[in-house]
Every structure is written in structure tokens, then in C-alpha cells.
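Asks: Next comes my_file_12.cif, mmCIF, C-alpha atoms:
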data_work
loop_
_atom_site.label_atom_id
_atom_site.label_comp_id
_atom_site.auth_asym_id
_atom_site.auth_seq_id
_atom_site.Cartn_x
_atom_site.Cartn_y
_atom_site.Cartn_z
CA MET A 1 134.63 100.97 99.97
CA ASN A 2 136.78 98.22 101.46
CA ILE A 3 136.24 95.03 99.43
CA LEU A 4 135.77 92.90 102.54
CA VAL A 5 133.15 95.30 103.96
CA GLU A 6 131.31 95.38 100.65
CA LYS A 7 131.25 91.57 100.54
CA ILE A 8 129.88 91.45 104.09
CA ILE A 9 127.15 93.97 103.22
CA ARG A 10 126.20 91.99 100.11
CA THR A 11 126.07 88.80 102.17
CA LEU A 12 123.77 90.51 104.66
CA LEU A 13 121.49 91.63 101.84
CA PHE A 14 121.48 88.10 100.42
CA SER A 15 120.39 86.87 103.84
CA VAL A 16 117.42 89.27 103.71
CA VAL A 17 116.18 87.38 100.64
CA VAL A 18 116.61 84.06 102.48
CA LEU A 19 114.51 85.43 105.34
CA LEU A 20 111.68 86.73 103.13
CA PRO A 21 109.45 83.67 103.82
CA PHE A 22 109.87 84.34 107.54
CA ALA A 23 109.38 88.10 107.39
CA GLN A 24 106.40 87.91 109.75
CA VAL A 25 108.53 86.22 112.44
CA GLY A 26 110.11 88.56 114.94
CA VAL A 27 111.21 89.15 118.48
CA SER A 28 110.27 91.90 120.89
CA VAL A 29 113.05 94.29 121.89
CA SER A 30 111.92 96.59 124.71
CA GLY A 31 108.35 96.10 123.56
CA VAL A 32 109.15 96.89 119.91
CA PRO A 33 108.79 93.99 117.43
CA ILE A 34 111.88 93.49 115.27
CA TYR A 35 111.34 91.08 112.38
CA LEU A 36 114.01 88.69 111.14
CA PRO A 37 114.94 90.47 107.86
CA GLU A 38 115.35 93.75 109.75
CA PHE A 39 118.39 92.46 111.67
CA PRO A 40 120.70 92.03 108.64
CA ILE A 41 119.38 95.29 107.14
CA GLY A 42 120.22 97.15 110.35
CA ILE A 43 123.72 95.64 110.50
CA ALA A 44 124.33 96.46 106.83
CA VAL A 45 123.26 100.08 107.42
CA VAL A 46 125.70 100.40 110.31
CA LEU A 47 128.59 98.94 108.28
CA TYR A 48 127.80 101.16 105.31
CA GLY A 49 127.51 104.21 107.54
CA VAL A 50 130.86 103.48 109.21
CA SER A 51 132.50 103.15 105.77
CA LEU A 52 131.08 106.50 104.73
CA TYR A 53 132.21 108.12 107.98
CA ARG A 54 135.76 106.86 107.47
CA GLY A 55 135.76 108.09 103.89
CA LYS A 56 136.09 104.56 102.49
CA GLY A 57 132.64 104.38 100.94
CA SER A 58 130.67 106.25 98.31
CA PHE A 59 127.05 107.28 98.45
CA ARG A 60 125.61 108.27 95.07
CA LEU A 61 122.11 109.61 94.70
CA THR A 62 122.69 112.26 92.05
CA SER A 63 121.49 109.86 89.35
CA LEU A 64 118.33 109.02 91.30
CA ARG A 65 117.00 112.37 92.46
CA LEU A 66 113.55 111.94 90.92
CA GLU A 67 113.22 108.29 91.98
CA TRP A 68 114.11 108.78 95.62
CA PHE A 69 112.15 112.03 95.77
CA GLY A 70 109.15 109.88 94.91
CA ALA A 71 110.14 107.41 97.61
CA GLY A 72 110.42 110.28 100.09
CA LEU A 73 106.92 111.48 99.26
CA PHE A 74 105.66 107.91 99.59
CA PHE A 75 107.15 107.67 103.09
CA LEU A 76 106.00 111.13 104.19
CA GLY A 77 102.51 110.39 102.92
CA ALA A 78 102.34 107.30 105.12
CA VAL A 79 103.54 109.27 108.16
CA TYR A 80 101.12 112.14 107.57
CA SER A 81 98.17 109.82 106.95
CA SER A 82 98.92 107.90 110.14
CA ILE A 83 99.20 111.10 112.19
CA SER A 84 95.92 112.38 110.74
CA ALA A 85 94.18 109.13 111.66
CA GLY A 86 95.64 109.13 115.17
CA MET A 87 99.09 107.57 115.36
CA ASN A 88 99.48 104.51 117.57
CA ILE A 89 102.14 101.88 118.27
CA GLN A 90 100.83 99.54 115.60
CA GLU A 91 100.99 102.22 112.92
CA LEU A 92 104.51 103.16 114.00
CA GLY A 93 105.48 99.52 113.59
CA SER A 94 103.89 99.46 110.14
CA ILE A 95 105.84 102.55 109.07
CA LYS A 96 109.01 100.83 110.25
CA SER A 97 108.38 97.46 108.59
CA TRP A 98 106.45 98.47 105.46
CA PHE A 99 108.32 101.66 104.55
CA LEU A 100 111.50 102.48 106.49
CA PHE A 101 113.34 99.14 106.41
CA PRO A 102 112.25 98.19 102.85
CA MET A 103 113.34 101.60 101.54
CA VAL A 104 116.69 101.35 103.30
CA PHE A 105 117.04 97.84 101.88
CA GLY A 106 116.33 99.08 98.36
CA LEU A 107 118.73 101.99 98.82
CA LEU A 108 121.54 99.66 99.95
CA VAL A 109 120.86 97.35 97.00
CA SER A 110 121.13 100.29 94.60
CA GLN A 111 124.49 101.24 96.14
CA VAL A 112 126.30 97.87 96.39
CA PHE A 113 124.86 95.98 93.41
CA ARG A 114 125.93 98.40 90.68
CA GLU A 115 127.87 95.75 88.74
CA GLN A 116 125.79 93.53 86.47
CA ARG A 117 127.45 90.37 87.74
CA ALA A 118 126.46 91.24 91.31
CA ARG A 119 122.86 91.85 90.23
CA GLU A 120 122.81 88.52 88.42
CA ARG A 121 123.95 86.80 91.60
CA MET A 122 121.16 88.47 93.55
CA LEU A 123 118.59 87.38 90.96
CA SER A 124 119.96 83.82 91.06
CA PHE A 125 119.78 83.87 94.84
CA TRP A 126 116.19 85.15 94.76
CA PHE A 127 115.29 82.39 92.30
CA ALA A 128 116.99 79.69 94.41
CA VAL A 129 115.08 80.72 97.54
CA THR A 130 111.80 80.60 95.60
CA VAL A 131 112.64 77.12 94.25
CA CYS A 132 113.37 75.85 97.77
CA ILE A 133 110.07 77.17 99.16
CA ALA A 134 108.16 75.76 96.17
CA GLY A 135 109.77 72.36 96.68
CA ILE A 136 108.98 72.35 100.39
CA SER A 137 105.43 73.58 99.82
CA VAL A 138 104.41 70.67 97.58
CA LEU A 139 105.65 68.04 100.03
CA PRO A 140 103.25 66.37 102.51
CA LEU A 141 104.88 67.93 105.55
CA PRO A 142 103.00 68.64 108.81
CA PHE A 143 103.56 72.42 108.65
CA ILE A 144 102.32 72.72 105.03
CA HIS A 145 98.70 73.84 105.08
CA TRP A 146 95.84 73.82 102.57
CA THR A 147 92.58 75.73 102.80
CA TYR A 148 89.23 73.97 103.13
CA ASP A 149 88.64 74.41 99.38
CA GLY A 150 91.96 72.85 98.36
CA ARG A 151 94.19 75.90 97.91
CA LEU A 152 97.86 75.71 98.87
CA THR A 153 98.81 78.05 101.70
CA SER A 154 102.07 76.38 102.82
CA PHE A 155 103.24 78.24 105.95
CA PHE A 156 102.16 81.64 104.61
CA THR A 157 99.10 83.55 105.79
CA SER A 158 96.95 82.90 102.70
CA PRO A 159 97.10 81.36 99.20
CA ASN A 160 97.23 84.83 97.62
CA HIS A 161 100.14 85.77 99.88
CA LEU A 162 101.99 82.63 98.78
CA ALA A 163 101.24 83.43 95.12
CA PHE A 164 102.88 86.84 95.48
CA PHE A 165 106.02 85.11 96.73
CA PHE A 166 106.18 82.65 93.79
CA GLU A 167 105.53 85.13 90.96
CA PRO A 168 109.07 86.57 90.67
CA GLY A 169 110.56 83.07 90.60
CA VAL A 170 108.58 82.05 87.50
CA LEU A 171 109.75 85.11 85.58
CA ILE A 172 113.37 84.94 86.75
CA GLY A 173 113.53 81.23 85.89
CA THR A 174 112.04 81.80 82.42
CA TYR A 175 114.51 84.61 81.75
CA VAL A 176 117.52 82.54 82.85
CA SER A 177 116.30 79.58 80.75
CA LEU A 178 116.01 81.79 77.66
CA LYS A 179 119.42 83.28 78.32
CA SER A 180 121.00 79.81 78.68
CA VAL A 181 119.44 78.58 75.44
CA LYS A 182 120.63 81.72 73.64
CA LYS A 183 124.17 80.91 74.83
CA ARG A 184 123.66 77.32 73.61
CA MET A 185 123.89 75.98 77.17
CA VAL A 186 120.96 73.62 76.62
CA ARG A 187 121.47 71.43 79.71
CA GLN A 188 121.65 74.42 81.99
CA GLY A 189 118.56 75.86 80.31
CA MET A 190 116.63 72.61 80.85
CA PHE A 191 117.70 72.55 84.51
CA PHE A 192 116.35 76.05 85.07
CA PHE A 193 113.22 75.23 83.09
CA ILE A 194 112.44 72.24 85.35
CA GLU A 195 112.93 74.37 88.47
CA THR A 196 110.72 77.07 86.99
CA ALA A 197 108.06 74.44 86.26
CA LEU A 198 108.17 73.43 89.93
CA ILE A 199 107.55 77.02 91.04
CA PHE A 200 104.72 77.37 88.54
CA PHE A 201 103.14 74.13 89.77
CA ALA A 202 103.22 75.42 93.36
CA LEU A 203 101.77 78.73 92.15
CA PHE A 204 99.02 76.85 90.31
CA GLU A 205 98.16 74.97 93.52
CA THR A 206 97.43 78.28 95.26
CA LYS A 207 94.55 78.66 92.76
CA SER A 208 95.12 82.41 92.86
CA GLU A 209 93.44 83.58 89.67
CA GLY A 210 95.00 87.02 89.98
CA GLY A 211 98.44 85.52 90.48
CA LEU A 212 98.15 83.09 87.56
CA LEU A 213 96.82 85.71 85.14
CA SER A 214 99.46 88.23 86.25
CA VAL A 215 102.29 85.74 85.75
CA LEU A 216 100.88 84.74 82.36
CA PHE A 217 100.78 88.39 81.30
CA GLY A 218 104.28 88.89 82.75
CA LEU A 219 105.57 85.97 80.68
CA ILE A 220 103.93 87.45 77.57
CA THR A 221 105.62 90.77 78.38
CA LEU A 222 108.98 89.06 78.84
CA LEU A 223 108.73 87.15 75.55
CA SER A 224 107.39 90.19 73.69
CA PHE A 225 110.30 92.38 74.72
CA ALA A 226 112.71 89.54 73.97
CA PHE A 227 111.61 88.90 70.40
CA LEU A 228 109.61 91.92 69.16
CA SER A 229 110.59 95.49 68.38
CA LYS A 230 109.22 98.41 70.40
CA LYS A 231 106.99 99.46 67.49
CA GLN A 232 105.47 95.98 67.33
CA ILE A 233 104.92 95.97 71.09
CA ILE A 234 103.21 99.38 70.98
CA ARG A 235 100.97 98.19 68.15
CA CYS A 236 100.00 95.01 70.02
CA ALA A 237 99.43 96.94 73.25
CA ALA A 238 97.15 99.37 71.43
CA TRP A 239 94.99 96.55 70.06
CA VAL A 240 94.85 94.86 73.48
CA SER A 241 93.84 98.17 75.09
CA VAL A 242 91.05 98.64 72.54
CA ALA A 243 89.79 95.12 73.23
CA ILE A 244 89.86 95.69 76.99
CA VAL A 245 87.99 99.00 76.70
CA PHE A 246 85.41 97.32 74.45
CA LEU A 247 84.89 94.47 76.94
CA ILE A 248 84.56 96.93 79.84
CA GLY A 249 81.99 98.90 77.83
CA VAL A 250 79.99 95.74 77.12
CA CYS A 251 80.06 94.83 80.83
CA PHE A 252 78.75 98.26 81.83
CA TYR A 253 76.09 98.16 79.12
CA ALA A 254 74.92 94.78 80.42
CA GLY A 255 74.79 96.14 83.98
CA ILE A 256 77.28 93.57 85.29
CA PRO A 257 79.12 95.98 87.68
CA GLU A 258 75.82 96.91 89.37
CA ARG A 259 74.89 93.24 89.78
CA LEU A 260 78.33 92.48 91.24
CA GLY A 261 77.95 95.29 93.77
CA THR A 262 74.54 94.17 95.03
CA GLY A 263 75.60 90.69 96.11
CA GLU A 264 73.34 89.06 93.51
CA ILE A 265 76.45 87.38 92.09
CA ARG A 266 78.51 85.54 94.69
CA ASN A 267 82.14 85.03 93.69
CA SER A 268 85.57 86.52 94.39
CA LEU A 269 85.11 89.28 91.80
CA ALA A 270 81.78 90.32 93.33
CA SER A 271 83.44 90.44 96.75
CA ARG A 272 86.18 92.67 95.39
CA VAL A 273 83.69 95.00 93.71
CA MET A 274 81.98 95.46 97.09
CA ILE A 275 85.35 96.19 98.71
CA TRP A 276 86.23 98.68 95.95
CA ASN A 277 82.88 100.44 96.33
CA ALA A 278 83.49 100.84 100.06
CA SER A 279 87.06 102.01 99.36
CA ILE A 280 85.83 104.69 96.95
CA ARG A 281 83.40 105.86 99.62
CA MET A 282 86.30 106.17 102.07
CA LEU A 283 88.21 108.26 99.52
CA GLN A 284 85.21 110.56 99.17
CA MET A 285 85.36 111.09 102.93
CA HIS A 286 89.18 111.35 103.21
CA PRO A 287 90.53 112.36 99.76
CA LEU A 288 93.71 114.11 100.92
CA SER A 289 95.02 112.46 104.08
CA GLY A 290 93.59 108.97 103.63
CA ILE A 291 92.61 106.80 106.59
CA GLY A 292 96.04 105.79 107.91
CA LEU A 293 97.68 102.40 108.19
CA ARG A 294 95.98 99.33 109.68
CA THR A 295 92.58 101.03 109.83
CA PHE A 296 90.98 99.78 106.62
CA GLU A 297 89.03 96.90 108.14
CA ARG A 298 87.57 99.14 110.85
CA GLU A 299 86.45 101.75 108.32
CA TYR A 300 85.19 99.06 105.96
CA LEU A 301 82.97 97.51 108.61
CA ALA A 302 81.72 100.93 109.72
CA LEU A 303 80.43 101.57 106.18
CA GLN A 304 78.37 98.36 106.05
CA PRO A 305 75.02 100.15 106.60
CA GLU A 306 75.55 102.09 103.35
CA PHE A 307 75.98 98.93 101.22
CA PRO A 308 74.36 95.52 100.67
CA PRO A 309 75.56 92.79 103.07
CA TYR A 310 79.23 92.14 102.45
CA LEU A 311 80.33 88.83 100.97
CA GLU A 312 83.63 89.12 102.83
CA TRP A 313 84.13 90.60 106.29
CA ALA A 314 87.78 90.11 107.27
CA VAL A 315 89.39 92.55 104.82
CA PRO A 316 92.66 94.23 105.91
CA HIS A 317 93.32 95.87 102.51
CA PRO A 318 91.18 97.11 99.59
CA HIS A 319 92.49 94.49 97.13
CA ASN A 320 93.78 97.14 94.75
CA LEU A 321 97.20 98.75 94.82
CA VAL A 322 96.11 102.26 93.83
CA LEU A 323 93.24 102.31 96.33
CA ALA A 324 95.50 100.87 99.04
CA ILE A 325 98.22 103.47 98.52
CA TRP A 326 95.76 106.37 98.29
CA LEU A 327 93.82 105.30 101.38
CA GLN A 328 96.85 104.47 103.53
CA THR A 329 99.31 107.17 102.45
CA GLY A 330 97.01 109.94 101.22
CA ILE A 331 97.32 111.93 98.03
CA VAL A 332 100.97 112.77 98.79
CA GLY A 333 101.90 109.10 99.11
CA LEU A 334 99.95 108.23 95.98
CA PHE A 335 101.83 110.88 93.98
CA GLY A 336 105.14 109.61 95.40
CA GLY A 337 104.30 105.99 94.55
CA ILE A 338 103.32 106.90 90.99
CA LEU A 339 106.53 108.92 90.61
CA LEU A 340 108.64 106.04 91.96
CA ILE A 341 107.11 103.27 89.82
CA GLY A 342 106.72 105.55 86.79
CA SER A 343 110.40 106.51 86.92
CA ALA A 344 111.39 102.84 87.01
CA LEU A 345 109.19 101.98 84.02
CA ARG A 346 110.43 105.01 82.06
CA LEU A 347 114.05 104.06 82.79
CA LEU A 348 113.52 100.47 81.66
CA TRP A 349 111.66 101.48 78.50
CA ARG A 350 114.50 103.79 77.46
CA LYS A 351 117.16 101.13 78.12
CA ILE A 352 115.47 98.32 76.20
CA GLY A 353 116.73 98.08 72.63
CA ASN A 354 115.78 96.08 69.55
CA PRO A 355 115.80 93.13 69.78
CA GLY A 356 114.97 93.22 73.47
CA ILE A 357 116.83 90.02 74.38
CA ALA A 358 120.04 92.01 73.90
CA SER A 359 118.87 94.30 76.70
CA GLY A 360 119.41 91.50 79.21
CA GLU A 361 118.09 92.02 82.70
CA ASN A 362 115.99 95.06 81.72
CA ILE A 363 113.36 92.92 79.99
CA LEU A 364 113.13 90.81 83.15
CA PHE A 365 112.75 93.89 85.35
CA ILE A 366 109.97 95.38 83.22
CA ALA A 367 108.14 92.01 83.16
CA LEU A 368 108.40 91.80 86.96
CA LEU A 369 107.02 95.33 87.37
CA VAL A 370 104.18 94.65 84.94
CA THR A 371 103.29 91.50 86.91
CA VAL A 372 103.24 93.41 90.20
CA LEU A 373 101.07 96.17 88.76
CA LEU A 374 98.64 93.79 87.06
CA HIS A 375 98.19 91.67 90.17
CA GLY A 376 97.88 94.95 92.06
CA SER A 377 94.68 95.66 90.15
CA VAL A 378 92.89 92.91 92.09
CA ASP A 379 95.03 92.56 95.22
CA THR A 380 97.59 94.46 97.29
CA PRO A 381 101.26 93.53 96.57
CA PHE A 382 102.48 95.82 99.35
CA PHE A 383 101.66 96.67 102.99
CA ARG A 384 103.11 93.40 104.24
CA ASN A 385 106.67 92.88 105.50
CA ASP A 386 107.93 90.51 102.79
CA LEU A 387 105.99 92.08 99.91
CA SER A 388 107.35 95.54 100.73
CA LEU A 389 110.89 94.14 100.81
CA GLN A 390 110.36 92.34 97.48
CA LEU A 391 109.15 95.49 95.75
CA PHE A 392 112.05 97.61 96.97
CA LEU A 393 114.50 94.83 96.14
CA LEU A 394 113.28 95.01 92.55
CA LEU A 395 113.41 98.82 92.49
CA GLY A 396 116.88 98.78 94.06
CA LEU A 397 118.18 96.46 91.32
CA ILE A 398 116.62 98.64 88.61
CA PHE A 399 118.13 101.83 90.01
CA ALA A 400 121.51 100.15 90.59
CA SER A 401 121.76 99.45 86.87
CA LYS A 402 121.06 103.12 86.13
CA MET A 403 123.71 104.30 88.58
CA MET A 404 126.35 102.06 87.05
CA LYS A 405 125.56 103.32 83.55
CA ASP A 406 125.75 106.96 84.66
CA MET A 407 129.07 106.32 86.43
CA GLU A 408 130.49 104.79 83.23
CA LYS A 409 129.40 107.87 81.25
CA LYS A 410 131.14 110.23 83.71
CA SER A 411 134.34 108.23 83.62
#
How would this structure read if it were set down as C-alpha cells?

Replies:
Amino acid sequence: MNILVEKIIRTLLFSVVVLLPFAQVGVSVSGVPIYLPEFPIGIAVVLYGVSLYRGKGSFRLTSLRLEWFGAGLFFLGAVYSSISAGMNIQELGSIKSWFLFPMVFGLLVSQVFREQRARERMLSFWFAVTVCIAGISVLPLPFIHWTYDGRLTSFFTSPNHLAFFFEPGVLIGTYVSLKSVKKRMVRQGMFFFIETALIFFALFETKSEGGLLSVLFGLITLLSFAFLSKKQIIRCAAWVSVAIVFLIGVCFYAGIPERLGTGEIRNSLASRVMIWNASIRMLQMHPLSGIGLRTFEREYLALQPEFPPYLEWAVPHPHNLVLAIWLQTGIVGLFGGILLIGSALRLLWRKIGNPGIASGENILFIALLVTVLLHGSVDTPFFRNDLSLQLFLLLGLIFASKMMKDMEKKS
């Protein structure tokens, strides 16, 4: 590919990251909403396509057959589920903004960020954007909002939404700080540490328990892979799993899940248990095709007579990643999503050596994925314009590193 064209495409993809906080802002073109990040993605696709047509570009997917097969199933599952539920304009828009453009974005990232230095620049750019938004969000500006109970929302739709945006920044900043200290660049490390502390402070102000716990576990994952061997990590993970299973067993023995589902206990966890119970009922009714996109709240409210009075009524998603994918993309989409994420985790696990800090960016990528999945157990880190783009940005960077390694082997 022409060097100038490649630089332009990379610049366009950098601009997508800048526009992530404004991913819900768009304009109507012939009645179709086009959101701000979709403009540079569309231009980048055209430029890349023209380069391929002229024979000046390369398009390599041979190393990613399994990964993008999973992505294809994920997309087809969403389309099929929407058609089964009765496709409408809103669902078409969701397919475009939650699946099509994010997947194209991830695909472009995997193609033009094969070099490690380019990926490091993208990570630095992602971190810088997060720092800027964190700095703006803690200032007493007129467009910075707080909820009635003192949770930071900034200019995002909710505190939890804002927490999702800050989570990658904490992990990227911690990784860069560790890397700087390892290279004995103490001043640079302290600079990144202060910026990371700012992001964490803004994240703390969201009071998102799921976000804080997920980031904490992500940091533990990052440090574990940096300083422990794989055998030590497996041993620790086994003990943690045993402890979790024991605690879950104690909770069931004490009847806590039943009490949470009846509304006797009134907190965020009880609200989520009610939502999960309703979601499981929906799956019993639509196990294969799901319920389609943007229909969860309607189905949730329709099931109210079968359950105790809900603690929360405005619920667009089931607050669980697996339930959300299964319900909104059907069993085909769920299988595709598992294949896509599972392939990424398997790739990272195989590439991480001992000690892990020598594996560089791979320990950061696996910590980011673990954070997304853990927060996904109590919320939905997808099915929103910016969150979908963030996830496929991460997957694109992971797969780009695999493609570069395979190309080096062939050469």
C-alpha cells in the first residue's frame, strides 16, 4: 500500500478514537442517522478499497479465518434475530452502528496496525483521549452532569456508561507506567502514573461498583501476568474459582438469590437479579432466534405480571453480556461471539511467556479483555455505538499482532 494512503487511513482511524465520546452524536442523511465516528470509518474503507482495486494494497485474512468466521456468525445472528422479531428502521440502524461499522473498524485496524510501533501509538492515543475526558469530567463545567445521588455522569448517558469509557485508560496507563519503570524512565513513568490516577479518580466518582471491581480485577490480571509464571497464575485462579464456587453455594444455601428476586431486598444487585430472571424467561420463550435488537425493554415490561413488582423499569439491556448477546443475536450470534472472544483469549494465552512482562502488549490486551468480560457479568459492554467500537478496536489490535507474527514466519 502507498505509504501516504496508509498514513491517511491510520489518521482516520485515530480520529475514530477521538470521536468515541461523541459516538451518539450524528446527522441525518436522507433520513438515515450517520454518527460522527462512522464518517472517518467510511472514508477509510473507500481509500483502502481503492488501494486494493489498484493492486497497491494487501488484504490478509488467512491468519484470522476462525476469528472472523466468529465475527460473521455474530453479525448474521443479529440480522436473523432482527428479521425474526420484525425488522424495522431502528433495528437496521442498530445493525449498522453496533455491528457493521465496528466490525469494519476492527478489520481495518487489524490490517493497518500490524507493526508493534503503530499499535503502541494507537494505545497511546486511546489513553490520551481518556485522560482528556477524565480531566474535563472532574471540572465544574456547565455541561458536566451528576446524578441526584452524587454519581458522575459527565456528558455521557449514565454513570455506568462513563465507567465503561474510563476502564481501558486505567489499564493502559498502568501498563505504560510499568513499562517506563522497567526501562528506568522514572520521570516518564511518574507522569503516566499521575494521568492514570486522574482517570481512576474520575472512574471512582461514577460510583460504578461493577466498573471499579472489574478494573481492580483487570489490574490484578495485568500484574499477575507481568510478574508470575503461567503455572502460578493457573494455581491462583484455581483457588479463586474454588472460593467463588463456595461463596455461591453458601448464598444459595442461605436462600439469598430467592430473596433478591422477590424484591424483599432493595439494591442494585436485587434489581439485576429481577432483570436476569426476566431475561431467562425470554430465553425460554425464544431460545434460538432471540428477541431482536432494541426490543428488550418492551419484552421486559410485558413479563411484569409473571414476576414481583420490578425495582427498575427503564431497562434497555439485560445487564449481562451473555444474556444480551443471546437475546439480541440468537444462538447463532452467541456461538459467534464466544468463538470471537475465545479465539482472542486463546491467542493471547499462547503468546504470553514467562515472565509475562516480556510479552509486552499481550498482557495488557488480556487484562483489557478480562475487564470487559467481568464487567459484562453485571452490565452490557456492547450494544451501544462507542462500546461496540471500543471492543472491536481491542480485537483489531489483538488480531493485528497475530497477523504480523504470521507474516514474519512466512518470510

Asks: Taking all atoms listed in the file into account, which of A:Leu73, A:Val372, A:Val17, A:Ile136 comes nearest Gly336 of chain A?

Replies: A:Leu73

Asks: Need the shell around segment 274-290 of chain A: protein/DNA/RNA residues with any atom at most 6 Å away, counting all atoms listed in the file. Skip same-chain ones fewer than 4 positions apart. Format as a list in words?

Replies: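 Listed by chain and then number, they are Ser81, Gly261, Pro318, Leu327, Gln328, Gly330 and Ile331 of chain A.
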
Asks: Show me, as a PyMOL selection string, the residues that have an atom within 9 Å of Met103 of chain A when counting all atoms listed in the file, minus same-chain residues fewer than 2 positions from it.

Replies: chain A and resi 71+75+98-101+105-108+388-389+392-393+396

Asks: To one decimal place, how far is atom CA of Arg151 of chain A from atom CA of Phe22 of chain A in Å?

Replies: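 Separating atom CA of Arg151 of chain A from atom CA of Phe22 of chain A is a distance of 20.2 Å.
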
Asks: Using all atoms listed in the file, find the one residue out of A:Val27, A:Leu76, A:Leu223, A:Leu303 that sits nearest to Leu364 of chain A.

Replies: A:Leu223

Asks: Looking at all atoms listed in the file, which of A:Tyr300, A:Trp349, A:Phe365, A:Phe200 is the one that sits closest to Leu222 of chain A?

Replies: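 Nearest to Leu222 of chain A: A:Phe365.
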
Asks: When you count all atoms listed in the file, which of these residues is closest to Glu361 of chain A: A:Leu13, A:Leu52, A:Ala128, A:Ala226?

Replies: A:Ala226

Asks: Give as a count of residues only the residues that the PyMOL selection byres ((chain A and resi 268) around 12) matches when applied to the coordinates above.

Replies: 22

Asks: Take atom CA of Thr380 of chain A and atom CA of Leu347 of chain A and report the distance between them in Å, one decimal.

Replies: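 Pair atom CA of Thr380 of chain A / atom CA of Leu347 of chain A returns 23.9 Å.
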
Asks: Assuming the chain letters and numbering stay as they are in my file, what does the PyMOL selection byres ((chain A and resi 70) around 9) actually select? List them as a list in words.

Replies: Arg65, Leu66, Glu67, Trp68, Phe69, Ala71, Gly72, Leu73, Phe74, Phe75, Gly333, Phe335, Gly336, Gly337, Ile338, Leu339, Leu340, Ile341 and Ser343 of chain A

Asks: So how many Å separate atom CA of Ser110 of chain A and atom CA of Gly292 of chain A, to one decimal?

Replies: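 Going from atom CA of Ser110 of chain A over to atom CA of Gly292 of chain A, I get 28.9 Å.
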
Asks: Determine the residue set returned by the PyMOL selection byres ((chain A and resi 206) around 6) for the present structure, and present it as a list in words.

Replies: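 Evaluating the PyMOL selection byres ((chain A and resi 206) around 6) on these coordinates yields Arg151, Leu152, Pro159, Leu203, Phe204, Glu205, Lys207 and Ser208 of chain A.
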
Asks: Find the residue from A:Phe191, A:Phe382, A:Trp313, A:Phe156 that sits nearest to Ala134 of chain A; use only C-alpha atoms when measuring.

Replies: A:Phe156

Asks: Would you mind telling me which residue in A:Val138, A:Ile95, A:Leu216, A:Leu198 lies nearest to Leu368 of chain A when using all atoms listed in the file?

Replies: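 Closest residue, counting all atoms listed in the file: A:Leu216.
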
Asks: Just want the 6 Å neighbourhood of segment 171-184 of chain A, counted on all atoms listed in the file, with same-chain residues fewer than 5 positions away dropped. Output as a list in words.

Replies: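 Final neighbour list, sorted by chain and number: Gly189, Phe192, Phe193 and Thr196 of chain A.
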
Asks: Which polymer residues have any atom within 12 Å of an atom of Val45 of chain A, counting all atoms listed in the file, with same-chain residues fewer than 2 positions away left out, as number ranges by chain?

Replies: A: 5-6, 8-10, 12-13, 38-43, 47-52, 101, 103-109, 111-112

Asks: Which residues come within 10 Å of Leu374 of chain A, counting all atoms listed in the file, excluding same-chain residues fewer than 5 positions away, as a ChimeraX atom specification?

Replies: /A:210-211,213-215,217-218,320-321,368-369,379,381
